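The structure file upload30.txt is reproduced below (compact mmCIF, C-alpha atoms).
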# COMPACT_ATOMS: atom_id res chain seq x y z
CA MET A 30 -15.20 -15.64 3.38
CA TYR A 31 -16.87 -16.57 6.64
CA ASP A 32 -19.29 -13.99 7.98
CA PHE A 33 -18.57 -11.82 11.02
CA THR A 34 -20.02 -8.84 12.78
CA TYR A 35 -18.66 -5.44 11.80
CA ALA A 36 -18.01 -2.49 14.07
CA LYS A 37 -16.47 0.90 13.38
CA PRO A 38 -15.81 2.45 16.78
CA ALA A 39 -15.27 6.20 17.11
CA THR A 40 -12.82 6.10 20.03
CA LEU A 41 -9.64 4.21 20.78
CA ALA A 42 -11.13 3.02 24.08
CA ASP A 43 -14.14 1.51 22.32
CA ALA A 44 -11.91 -0.15 19.73
CA ALA A 45 -9.64 -1.61 22.40
CA ASN A 46 -12.65 -2.80 24.36
CA ALA A 47 -14.17 -4.48 21.31
CA LEU A 48 -10.90 -6.29 20.68
CA THR A 49 -10.09 -7.33 24.24
CA SER A 50 -13.62 -8.35 25.27
CA ASP A 51 -13.75 -10.85 22.40
CA VAL A 52 -10.62 -12.93 21.75
CA GLU A 53 -11.93 -13.86 18.30
CA ALA A 54 -12.27 -10.23 17.20
CA LYS A 55 -9.73 -8.80 14.75
CA ALA A 56 -8.72 -5.24 13.89
CA LEU A 57 -9.07 -3.99 10.31
CA ALA A 58 -6.65 -1.25 9.24
CA GLY A 59 -6.16 -0.78 5.48
CA GLY A 60 -7.16 -4.38 4.87
CA MET A 61 -4.71 -4.91 2.02
CA THR A 62 -3.47 -8.11 3.65
CA PHE A 63 -6.33 -8.84 6.05
CA ILE A 64 -9.22 -8.82 3.54
CA PRO A 65 -7.41 -11.25 1.18
CA VAL A 66 -6.69 -13.43 4.23
CA LEU A 67 -10.40 -13.42 5.11
CA LYS A 68 -11.32 -14.23 1.51
CA GLN A 69 -9.05 -17.26 1.59
CA ARG A 70 -10.65 -18.38 4.86
CA LEU A 71 -7.24 -18.39 6.54
CA ASN A 72 -8.77 -16.50 9.45
CA LYS A 73 -12.24 -16.70 10.98
CA PRO A 74 -12.84 -13.70 13.22
CA SER A 75 -16.12 -13.36 15.11
CA ALA A 76 -15.96 -9.60 14.70
CA VAL A 77 -14.04 -7.18 12.50
CA VAL A 78 -13.23 -3.89 14.19
CA ASP A 79 -12.60 -1.19 11.59
CA LEU A 80 -10.05 1.38 12.78
CA HIS A 81 -10.90 4.07 10.21
CA GLY A 82 -13.03 6.07 12.65
CA LEU A 83 -10.30 6.74 15.22
CA GLY A 84 -8.65 9.81 13.71
CA LEU A 85 -5.26 8.13 13.45
CA ALA A 86 -4.35 9.37 9.97
CA TYR A 87 -1.93 12.29 10.34
CA ILE A 88 1.66 13.35 9.76
CA LYS A 89 3.48 15.96 11.83
CA LEU A 90 6.97 17.16 12.61
CA ASP A 91 7.81 17.19 16.30
CA GLY A 92 11.31 18.51 16.99
CA GLN A 93 13.77 15.85 15.86
CA ASN A 94 11.03 13.33 15.12
CA LEU A 95 8.64 12.72 12.28
CA VAL A 96 5.39 11.46 13.78
CA ILE A 97 3.00 9.44 11.64
CA GLY A 98 -0.41 8.21 12.78
CA ALA A 99 -0.98 4.46 12.48
CA MET A 100 -3.83 4.76 9.97
CA THR A 101 -1.89 7.00 7.59
CA THR A 102 -1.81 5.41 4.15
CA HIS A 103 1.29 4.70 2.10
CA GLY A 104 0.00 7.14 -0.50
CA ALA A 105 -0.29 9.92 2.08
CA VAL A 106 3.25 9.24 3.38
CA ASN A 107 4.59 9.23 -0.17
CA ALA A 108 2.88 12.53 -1.03
CA SER A 109 3.58 14.36 2.24
CA ALA A 110 5.79 17.45 1.94
CA ASP A 111 6.81 16.99 5.61
CA VAL A 112 8.01 13.43 4.97
CA GLN A 113 9.73 14.36 1.71
CA LYS A 114 11.57 17.16 3.50
CA SER A 115 12.53 15.36 6.71
CA ILE A 116 13.03 11.71 5.65
CA PRO A 117 12.81 11.51 1.83
CA ALA A 118 13.87 7.85 2.00
CA LEU A 119 10.66 7.06 3.90
CA ALA A 120 8.49 8.89 1.34
CA ALA A 121 10.23 6.98 -1.45
CA LEU A 122 9.76 3.65 0.36
CA ALA A 123 6.03 4.28 0.76
CA GLY A 124 5.74 5.07 -2.94
CA GLN A 125 7.19 1.66 -3.85
CA ILE A 126 4.74 -0.47 -1.88
CA GLY A 127 2.24 -2.49 -3.92
CA ASP A 128 0.34 -0.51 -6.54
CA ARG A 129 -1.54 2.82 -6.48
CA GLN A 130 -4.76 1.26 -5.19
CA VAL A 131 -2.92 -0.57 -2.42
CA ARG A 132 -1.13 2.64 -1.44
CA TYR A 133 -4.46 4.48 -1.16
CA ARG A 134 -5.66 1.95 1.42
CA GLY A 135 -2.69 0.23 3.08
CA THR A 136 -1.50 1.80 6.34
CA LEU A 137 1.75 2.20 8.26
CA GLY A 138 0.28 0.70 11.43
CA GLY A 139 -1.22 -2.26 9.59
CA SER A 140 2.09 -3.04 7.92
CA LEU A 141 4.07 -2.89 11.18
CA ALA A 142 1.51 -4.91 13.15
CA ASN A 143 1.43 -7.60 10.47
CA ASN A 144 5.25 -7.77 10.24
CA ASP A 145 5.23 -9.63 6.95
CA PRO A 146 8.80 -10.86 6.39
CA ALA A 147 8.68 -9.24 2.93
CA ALA A 148 7.06 -5.94 3.93
CA CYS A 149 8.98 -2.72 3.29
CA TYR A 150 8.00 -0.61 6.34
CA PRO A 151 9.54 -2.80 9.09
CA SER A 152 13.01 -2.11 7.64
CA ALA A 153 12.41 1.66 7.90
CA ALA A 154 11.15 1.43 11.48
CA LEU A 155 14.12 -0.69 12.53
CA ALA A 156 16.85 1.23 10.67
CA LEU A 157 15.49 4.61 11.77
CA ASN A 158 15.28 3.41 15.40
CA ALA A 159 11.60 4.31 15.47
CA THR A 160 9.42 4.28 18.56
CA ILE A 161 6.06 2.57 18.23
CA LYS A 162 3.33 4.03 20.43
CA THR A 163 0.32 1.92 21.27
CA ASP A 164 -2.84 2.53 23.26
CA LYS A 165 -0.98 1.05 26.24
CA ARG A 166 2.74 1.82 26.00
CA THR A 167 5.79 2.81 23.98
CA ILE A 168 7.87 0.12 22.27
CA ALA A 169 11.31 0.57 20.68
CA ALA A 170 11.60 -0.88 17.16
CA ASP A 171 14.46 -3.09 18.41
CA ASP A 172 11.97 -4.78 20.76
CA PHE A 173 8.93 -4.64 18.50
CA PHE A 174 9.79 -7.08 15.70
CA GLN A 175 9.98 -10.59 17.10
CA GLY A 176 10.07 -12.85 14.05
CA MET A 177 7.96 -13.66 11.04
CA PHE A 178 4.44 -12.20 11.47
CA THR A 179 5.23 -11.77 15.17
CA THR A 180 5.49 -8.53 17.16
CA ALA A 181 5.58 -7.37 20.76
CA LEU A 182 1.91 -6.34 20.51
CA GLU A 183 -0.38 -8.05 22.97
CA PRO A 184 -3.79 -9.33 21.84
CA GLY A 185 -6.03 -6.31 21.28
CA GLU A 186 -3.18 -3.80 21.63
CA LEU A 187 -3.32 -1.12 18.92
CA ILE A 188 -0.55 0.96 17.39
CA THR A 189 -1.53 4.63 17.53
CA GLU A 190 1.49 6.39 16.04
CA VAL A 191 5.11 5.92 15.09
CA HIS A 192 7.94 8.34 15.91
CA PHE A 193 10.78 8.32 13.40
CA PRO A 194 14.01 10.10 14.44
CA ILE A 195 15.21 12.23 11.51
CA PRO A 196 18.56 10.92 10.19
CA GLU A 197 21.36 12.87 8.51
CA ARG A 198 21.11 10.60 5.49
CA ALA A 199 19.03 7.56 4.63
CA CYS A 200 18.04 5.40 1.69
CA TYR A 201 15.93 2.33 1.04
CA MET A 202 16.92 0.07 -1.82
CA LYS A 203 14.58 -2.71 -2.79
CA PHE A 204 15.06 -5.56 -5.22
CA PRO A 205 11.42 -6.28 -6.01
CA ASN A 206 10.02 -9.55 -7.17
CA PRO A 207 8.89 -8.53 -10.66
CA ALA A 208 5.42 -10.07 -10.23
CA SER A 209 4.45 -9.36 -6.63
CA ARG A 210 6.56 -6.21 -6.10
CA TYR A 211 7.40 -7.44 -2.62
CA PRO A 212 11.13 -7.13 -1.91
CA MET A 213 13.18 -10.27 -2.43
CA VAL A 214 15.71 -8.16 -0.55
CA GLY A 215 15.19 -4.64 0.78
CA VAL A 216 17.89 -2.72 2.66
CA PHE A 217 17.27 0.47 4.64
CA VAL A 218 20.39 2.42 5.63
CA ALA A 219 20.19 5.35 8.05
CA LYS A 220 23.09 7.56 9.18
CA PHE A 221 22.76 9.36 12.51
CA PRO A 222 25.37 11.44 14.37
CA THR A 223 25.62 8.51 16.79
CA GLY A 224 26.23 5.89 14.10
CA VAL A 225 24.71 4.00 11.21
CA ARG A 226 21.80 1.56 11.38
CA VAL A 227 21.05 -0.98 8.64
CA ALA A 228 17.92 -3.12 8.45
CA VAL A 229 17.21 -5.89 5.95
CA THR A 230 13.75 -7.11 4.91
CA GLY A 231 12.56 -9.82 2.54
CA ALA A 232 15.48 -12.09 3.28
CA GLY A 233 15.71 -13.17 6.92
CA GLN A 234 14.21 -16.43 8.15
CA ASN A 235 12.91 -14.52 11.15
CA GLY A 236 11.74 -11.47 9.22
CA VAL A 237 13.37 -8.06 9.34
CA PHE A 238 16.80 -7.86 11.03
CA ARG A 239 19.61 -5.41 11.71
CA HIS A 240 22.88 -6.06 9.92
CA THR A 241 25.35 -5.28 12.69
CA ALA A 242 28.48 -6.05 10.64
CA PHE A 243 27.38 -3.52 8.00
CA GLU A 244 26.51 -1.01 10.72
CA ALA A 245 29.98 -1.21 12.29
CA ALA A 246 31.73 -0.83 8.93
CA LEU A 247 29.54 2.06 7.80
CA THR A 248 29.82 3.87 11.13
CA LYS A 249 33.59 3.83 10.59
CA SER A 250 33.39 4.86 6.93
CA TYR A 251 30.11 5.73 5.22
CA THR A 252 31.07 4.55 1.74
CA PRO A 253 29.94 1.62 -0.43
CA ASP A 254 33.51 0.28 -0.39
CA ALA A 255 33.37 -0.03 3.40
CA LEU A 256 31.14 -3.09 2.82
CA ASN A 257 33.69 -4.90 0.63
CA GLY A 258 34.33 -8.39 1.93
CA ILE A 259 31.57 -8.34 4.54
CA THR A 260 29.20 -11.24 3.90
CA THR A 261 25.86 -12.40 5.24
CA ASP A 262 25.46 -16.00 6.41
CA PRO A 263 23.00 -17.69 4.00
CA GLU A 264 22.07 -20.12 6.80
CA THR A 265 20.05 -17.29 8.37
CA LEU A 266 18.23 -16.40 5.12
CA ASN A 267 15.22 -17.63 3.15
CA GLY A 268 15.59 -19.60 -0.03
CA ASP A 269 12.59 -20.13 -2.28
CA ILE A 270 11.49 -20.48 -5.91
CA HIS A 271 12.40 -16.83 -6.52
CA ALA A 272 15.87 -16.68 -5.01
CA SER A 273 18.19 -19.06 -3.15
CA ALA A 274 19.58 -18.08 0.24
CA PRO A 275 23.14 -17.52 -1.15
CA TYR A 276 21.66 -15.28 -3.88
CA ARG A 277 19.77 -13.27 -1.27
CA ALA A 278 22.99 -12.98 0.77
CA HIS A 279 24.70 -11.56 -2.31
CA LEU A 280 21.80 -9.16 -2.97
CA ILE A 281 21.97 -7.80 0.59
CA THR A 282 25.49 -6.48 -0.01
CA VAL A 283 24.59 -5.12 -3.45
CA MET A 284 21.47 -3.32 -2.24
CA ALA A 285 23.26 -1.97 0.87
CA LYS A 286 26.05 -0.53 -1.30
CA ARG A 287 23.50 1.07 -3.62
CA ALA A 288 21.65 2.54 -0.64
CA VAL A 289 24.85 4.08 0.77
CA ALA A 290 25.83 5.45 -2.64
CA ALA A 291 22.38 7.00 -3.21
CA SER A 292 21.81 8.46 0.27
CA MET B 4 -27.82 -7.73 8.68
CA PRO B 5 -25.99 -4.41 8.41
CA GLN B 6 -27.55 -1.67 6.33
CA VAL B 7 -25.30 0.35 4.03
CA SER B 8 -26.29 3.67 2.50
CA LEU B 9 -24.19 5.00 -0.33
CA THR B 10 -24.33 6.97 -3.55
CA VAL B 11 -23.43 5.23 -6.81
CA ASN B 12 -23.01 7.39 -9.91
CA GLY B 13 -25.02 10.14 -8.25
CA LYS B 14 -27.93 7.95 -7.20
CA ALA B 15 -28.60 7.12 -3.52
CA PHE B 16 -29.05 3.51 -2.41
CA SER B 17 -29.69 1.90 0.95
CA VAL B 18 -29.39 -1.87 1.06
CA GLU B 19 -28.96 -4.72 3.51
CA VAL B 20 -25.71 -6.63 3.14
CA GLU B 21 -23.84 -9.27 5.08
CA ALA B 22 -20.80 -7.80 6.82
CA ARG B 23 -18.61 -10.03 4.66
CA THR B 24 -20.06 -8.68 1.39
CA LEU B 25 -17.40 -7.12 -0.79
CA LEU B 26 -18.04 -3.78 -2.45
CA VAL B 27 -17.75 -5.39 -5.88
CA GLU B 28 -20.43 -7.94 -4.91
CA LEU B 29 -22.72 -5.17 -3.71
CA LEU B 30 -22.21 -3.22 -6.95
CA ARG B 31 -22.68 -6.18 -9.28
CA ASP B 32 -25.10 -8.52 -7.53
CA LYS B 33 -27.33 -6.15 -5.55
CA LEU B 34 -27.20 -2.90 -7.53
CA HIS B 35 -26.55 -4.50 -10.97
CA PHE B 36 -23.67 -2.23 -11.98
CA THR B 37 -22.08 -5.13 -13.83
CA GLY B 38 -19.64 -2.90 -15.72
CA THR B 39 -17.28 -3.39 -12.78
CA HIS B 40 -15.58 -6.74 -13.38
CA ILE B 41 -14.21 -9.41 -11.10
CA GLY B 42 -10.96 -10.64 -12.59
CA CYS B 43 -8.52 -12.30 -10.23
CA ASP B 44 -10.45 -11.73 -6.99
CA THR B 45 -7.06 -11.48 -5.24
CA SER B 46 -6.46 -7.69 -5.46
CA GLN B 47 -3.91 -8.03 -8.22
CA CYS B 48 -5.58 -7.49 -11.61
CA GLY B 49 -7.49 -4.23 -11.05
CA ALA B 50 -10.53 -5.17 -13.18
CA CYS B 51 -12.73 -4.19 -10.21
CA CYS B 52 -11.32 -0.64 -9.79
CA VAL B 53 -13.94 1.96 -8.89
CA LYS B 54 -13.75 5.34 -7.22
CA VAL B 55 -14.77 5.67 -3.59
CA ASP B 56 -14.92 9.29 -2.42
CA GLY B 57 -12.64 10.25 -5.29
CA MET B 58 -10.03 7.58 -4.58
CA SER B 59 -9.27 4.63 -6.84
CA VAL B 60 -9.83 1.35 -4.97
CA LYS B 61 -9.98 -2.32 -5.83
CA SER B 62 -13.58 -3.11 -4.90
CA CYS B 63 -12.77 -6.81 -4.38
CA THR B 64 -10.61 -5.79 -1.40
CA PHE B 65 -13.04 -3.39 0.22
CA LEU B 66 -15.99 -4.37 2.42
CA ALA B 67 -19.36 -3.05 1.31
CA VAL B 68 -20.03 -1.82 4.85
CA GLN B 69 -16.90 0.35 4.59
CA ALA B 70 -18.64 2.32 1.83
CA GLU B 71 -21.24 3.66 4.28
CA GLY B 72 -21.92 7.28 3.34
CA ALA B 73 -19.49 7.12 0.43
CA GLU B 74 -19.83 8.40 -3.11
CA VAL B 75 -18.93 5.61 -5.49
CA THR B 76 -18.28 6.06 -9.20
CA THR B 77 -18.22 3.07 -11.55
CA ILE B 78 -17.57 2.84 -15.28
CA GLU B 79 -21.32 3.37 -15.83
CA GLY B 80 -21.05 6.81 -14.22
CA LEU B 81 -18.46 8.29 -16.60
CA ALA B 82 -20.34 9.11 -19.78
CA ALA B 83 -22.66 12.15 -19.94
CA ALA B 84 -26.42 11.67 -19.91
CA ASP B 85 -26.54 12.19 -23.69
CA GLY B 86 -24.05 9.36 -24.19
CA THR B 87 -20.97 11.55 -24.75
CA LEU B 88 -18.03 9.50 -23.56
CA HIS B 89 -15.58 10.62 -20.87
CA PRO B 90 -12.32 11.76 -22.55
CA MET B 91 -10.56 8.65 -21.21
CA GLN B 92 -13.21 6.37 -22.70
CA GLU B 93 -13.04 8.30 -25.95
CA MET B 94 -9.24 7.96 -26.12
CA PHE B 95 -9.43 4.23 -25.34
CA ARG B 96 -11.81 3.98 -28.32
CA GLU B 97 -9.68 6.26 -30.52
CA HIS B 98 -6.43 4.38 -29.82
CA HIS B 99 -7.95 0.90 -29.75
CA ALA B 100 -6.69 0.39 -26.21
CA LEU B 101 -8.51 -2.90 -25.75
CA GLN B 102 -8.99 -6.25 -27.31
CA CYS B 103 -11.22 -8.52 -25.24
CA GLY B 104 -12.30 -5.61 -23.03
CA TYR B 105 -12.35 -7.51 -19.75
CA CYS B 106 -9.79 -5.29 -17.98
CA THR B 107 -11.10 -2.11 -19.62
CA PRO B 108 -13.54 -0.80 -16.97
CA GLY B 109 -10.90 -1.07 -14.25
CA MET B 110 -8.17 0.20 -16.55
CA VAL B 111 -10.23 3.29 -17.44
CA MET B 112 -11.15 4.00 -13.80
CA SER B 113 -7.53 3.62 -12.71
CA ALA B 114 -6.22 5.72 -15.62
CA ILE B 115 -8.60 8.57 -14.79
CA ASP B 116 -7.27 8.63 -11.22
CA LEU B 117 -3.71 8.58 -12.54
CA VAL B 118 -4.32 11.55 -14.84
CA GLU B 119 -6.28 13.52 -12.23
CA THR B 120 -3.50 13.12 -9.65
CA HIS B 121 -0.79 14.30 -12.08
CA PRO B 122 -1.80 17.86 -12.99
CA ASP B 123 1.78 18.75 -14.01
CA GLY B 124 2.09 16.09 -16.70
CA LEU B 125 2.63 12.38 -17.11
CA THR B 126 5.58 10.70 -18.77
CA GLU B 127 5.25 7.35 -20.49
CA THR B 128 7.23 5.77 -17.65
CA GLN B 129 4.86 7.29 -15.09
CA ILE B 130 1.87 5.94 -17.01
CA ARG B 131 3.35 2.45 -17.17
CA GLU B 132 4.27 2.47 -13.48
CA GLY B 133 0.99 4.13 -12.51
CA LEU B 134 -1.01 1.34 -14.12
CA ASP B 135 1.02 -1.25 -12.23
CA GLY B 136 -2.11 -2.45 -10.44
CA ASN B 137 -4.08 -3.15 -13.62
CA LEU B 138 -3.35 -6.22 -15.70
CA CYS B 139 -4.25 -6.58 -19.37
CA ARG B 140 -3.53 -9.94 -20.98
CA CYS B 141 -4.33 -8.90 -24.56
CA THR B 142 -2.83 -5.62 -25.65
CA GLY B 143 0.75 -5.58 -24.48
CA TYR B 144 -0.24 -2.21 -22.95
CA HIS B 145 1.12 -0.05 -25.78
CA ASN B 146 -2.22 1.29 -26.95
CA ILE B 147 -3.44 1.72 -23.37
CA VAL B 148 -0.40 3.90 -22.63
CA LYS B 149 -1.08 5.90 -25.81
CA ALA B 150 -4.72 6.38 -24.83
CA VAL B 151 -3.84 7.61 -21.33
CA ALA B 152 -1.22 10.02 -22.73
CA ALA B 153 -3.80 11.33 -25.19
CA ALA B 154 -6.45 11.74 -22.50
CA TRP B 155 -4.16 13.82 -20.25
CA PRO B 156 -4.36 17.10 -22.32
CA LEU B 157 -8.12 16.64 -22.80
CA MET B 158 -8.73 16.17 -19.07
CA HIS B 159 -6.45 19.04 -18.03
CA ASP B 160 -7.25 21.33 -20.96
CA LYS B 161 -3.55 21.88 -21.62
CA PRO B 162 -1.40 21.16 -24.68
CA ALA B 163 -0.26 17.61 -25.28
CA ALA B 164 3.44 18.55 -25.31
CA ILE B 165 3.45 18.71 -21.52
CA ALA B 166 2.47 15.08 -21.30
CA ALA B 167 5.23 13.89 -23.62
CA GLU B 168 8.40 12.39 -22.20
Taking this structure as input, can you express it in the form of structure tokens?
Amino acid sequence: MYDFTYAKPATLADAANALTSDVEAKALAGGMTFIPVLKQRLNKPSAVVDLHGLGLAYIKLDGQNLVIGAMTTHGAVNASADVQKSIPALAALAGQIGDRQVRYRGTLGGSLANNDPAACYPSAALALNATIKTDKRTIAADDFFQGMFTTALEPGELITEVHFPIPERACYMKFPNPASRYPMVGVFVAKFPTGVRVAVTGAGQNGVFRHTAFEAALTKSYTPDALNGITTDPETLNGDIHASAPYRAHLITVMAKRAVAAS
Amino acid sequence: MPQVSLTVNGKAFSVEVEARTLLVELLRDKLHFTGTHIGCDTSQCGACCVKVDGMSVKSCTFLAVQAEGAEVTTIEGLAAADGTLHPMQEMFREHHALQCGYCTPGMVMSAIDLVETHPDGLTETQIREGLDGNLCRCTGYHNIVKAVAAAWPLMHDKPAAIAAE
């Protein structure tokens, strides 16, 4: 890896300043994607700004929302009694990411900011209609994800916490690649009094997306059979060595039905 | 160059490192704790697992500077001063849970974390899933799973029946 300077600021203002005063500086959250990227010399930052000193690892219940700090690890989300009680589907999702060591380090904020098209968390944020708070503003999940590895975040803008509305029922069903454990297809279904939201990860050419045809059918009738006959256009999906686009289209329906049945 | 001060196996060190130095490089190349292995170097195989402040981490995906002030435990820090093995090491020996031994230091470190974080018992399925981040290319895992199951009652001082599936 190329060398860089390292800083671990103690305040959000200092972190933001370090990142905006130097366009070549990069933020380090859990580092489970970023450190491997550095090791492969796919990125050459002048400075690495470690976010572990900012006090952003926390979980709290706030009325109808579950609030999770950006630096909270997957392991902490998985083990949290508050998450298990309010949104068990989110705790279960966190427990299926990577392996134990990755879950001890990887963070919610890092996963959302990276927006890997095969990451699990973006589907939860989108299906649960989460609100992403940054050091500058508040962004709705519908506006946040803008395509593969692309988000609404401006250079140097940092996620501070994520507000998840608590659904009546929810479930995440993932069809993992047996080697990498990344989802080949992951479907997050969330039922609210106002309707059902469905988000799909691992499959879309532009990363995570909402499945509006599924949402309409499930809002009318929240049963697996409500999805009978509703297809996903393979033209919008990824095909690769692991799964063709038509196979992924098929899996989306299967995983969505399983999620509805299990929620 | 940045200075990093940390404790490894109870002993304090303060060394200069480049910011890009990985924890595993610091442990092996600067401090000569070569029991921690580099396997895949891509955070997949787990041969480099150590404990940092009680948490199991892959030291090939952790910057040395991030260990500032941390207490690190490597495979060399498990056995007692008189050479008595840690129960997990002893059970790996007892159940022949290794062949070439390359994955063993990481496997043992990871397995100890798995047992410590499951005080109510561990099923065989939980052991297999819990060692998901550690690859062994020799054993087919069966004896490793047996060793971890056998270490659970020793580490928790409870009967073995609780650990059975």
Would you list which chain B residues are within 7 Å of chain A using only C-alpha atoms, as number ranges by chain?
B: 22-23, 45, 59-61, 64, 133, 135-136
What does the file look like for those residues with C-alpha atoms, as a PDB file, in the coordinates of the input?
ATOM      1  CA  ALA B  22     -20.800  -7.800   6.820  1.00  0.00           C
ATOM      2  CA  ARG B  23     -18.610 -10.030   4.660  1.00  0.00           C
ATOM      3  CA  THR B  45      -7.060 -11.480  -5.240  1.00  0.00           C
ATOM      4  CA  SER B  59      -9.270   4.630  -6.840  1.00  0.00           C
ATOM      5  CA  VAL B  60      -9.830   1.350  -4.970  1.00  0.00           C
ATOM      6  CA  LYS B  61      -9.980  -2.320  -5.830  1.00  0.00           C
ATOM      7  CA  THR B  64     -10.610  -5.790  -1.400  1.00  0.00           C
ATOM      8  CA  GLY B 133       0.990   4.130 -12.510  1.00  0.00           C
ATOM      9  CA  ASP B 135       1.020  -1.250 -12.230  1.00  0.00           C
ATOM     10  CA  GLY B 136      -2.110  -2.450 -10.440  1.00  0.00           C
TER      11      GLY B 136
END
Using all atoms listed in the file, which residues sit within 8 Å of region 213-228 of chain A once same-chain residues fewer than 2 positions away are excluded, as an NGL selection string?
:A and (147 or 149 or 152-153 or 155-158 or 196-206 or 211 or 230-232 or 237-241 or 243-245 or 247-248 or 271-272 or 277 or 280-281 or 284-285 or 288-289)
From the options B:Ala73, B:Cys43, B:Cys48, B:Leu34, which residue's atoms come nearest to Thr10 (chain B), counting all atoms listed in the file?
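Ranking B:Ala73, B:Cys43, B:Cys48, B:Leu34 by distance to Thr10 (chain B), first place goes to B:Ala73.
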Close residues, region 120-128 of chain B itself excluded, 12 Å, only C-alpha atoms, min 3 positions apart in chain, as a PyMOL selection string:
(chain A and resi 104+108+129) or (chain B and resi 57-59+113-117+131-135+144-168)
Give the answer as one residue: which of B:Val20, B:Ile78, B:Val7, B:Leu26 has the shortest atom-to-atom distance to Pro108 (chain B), using all atoms listed in the file?
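Result for the nearest residue to Pro108 (chain B): B:Ile78.
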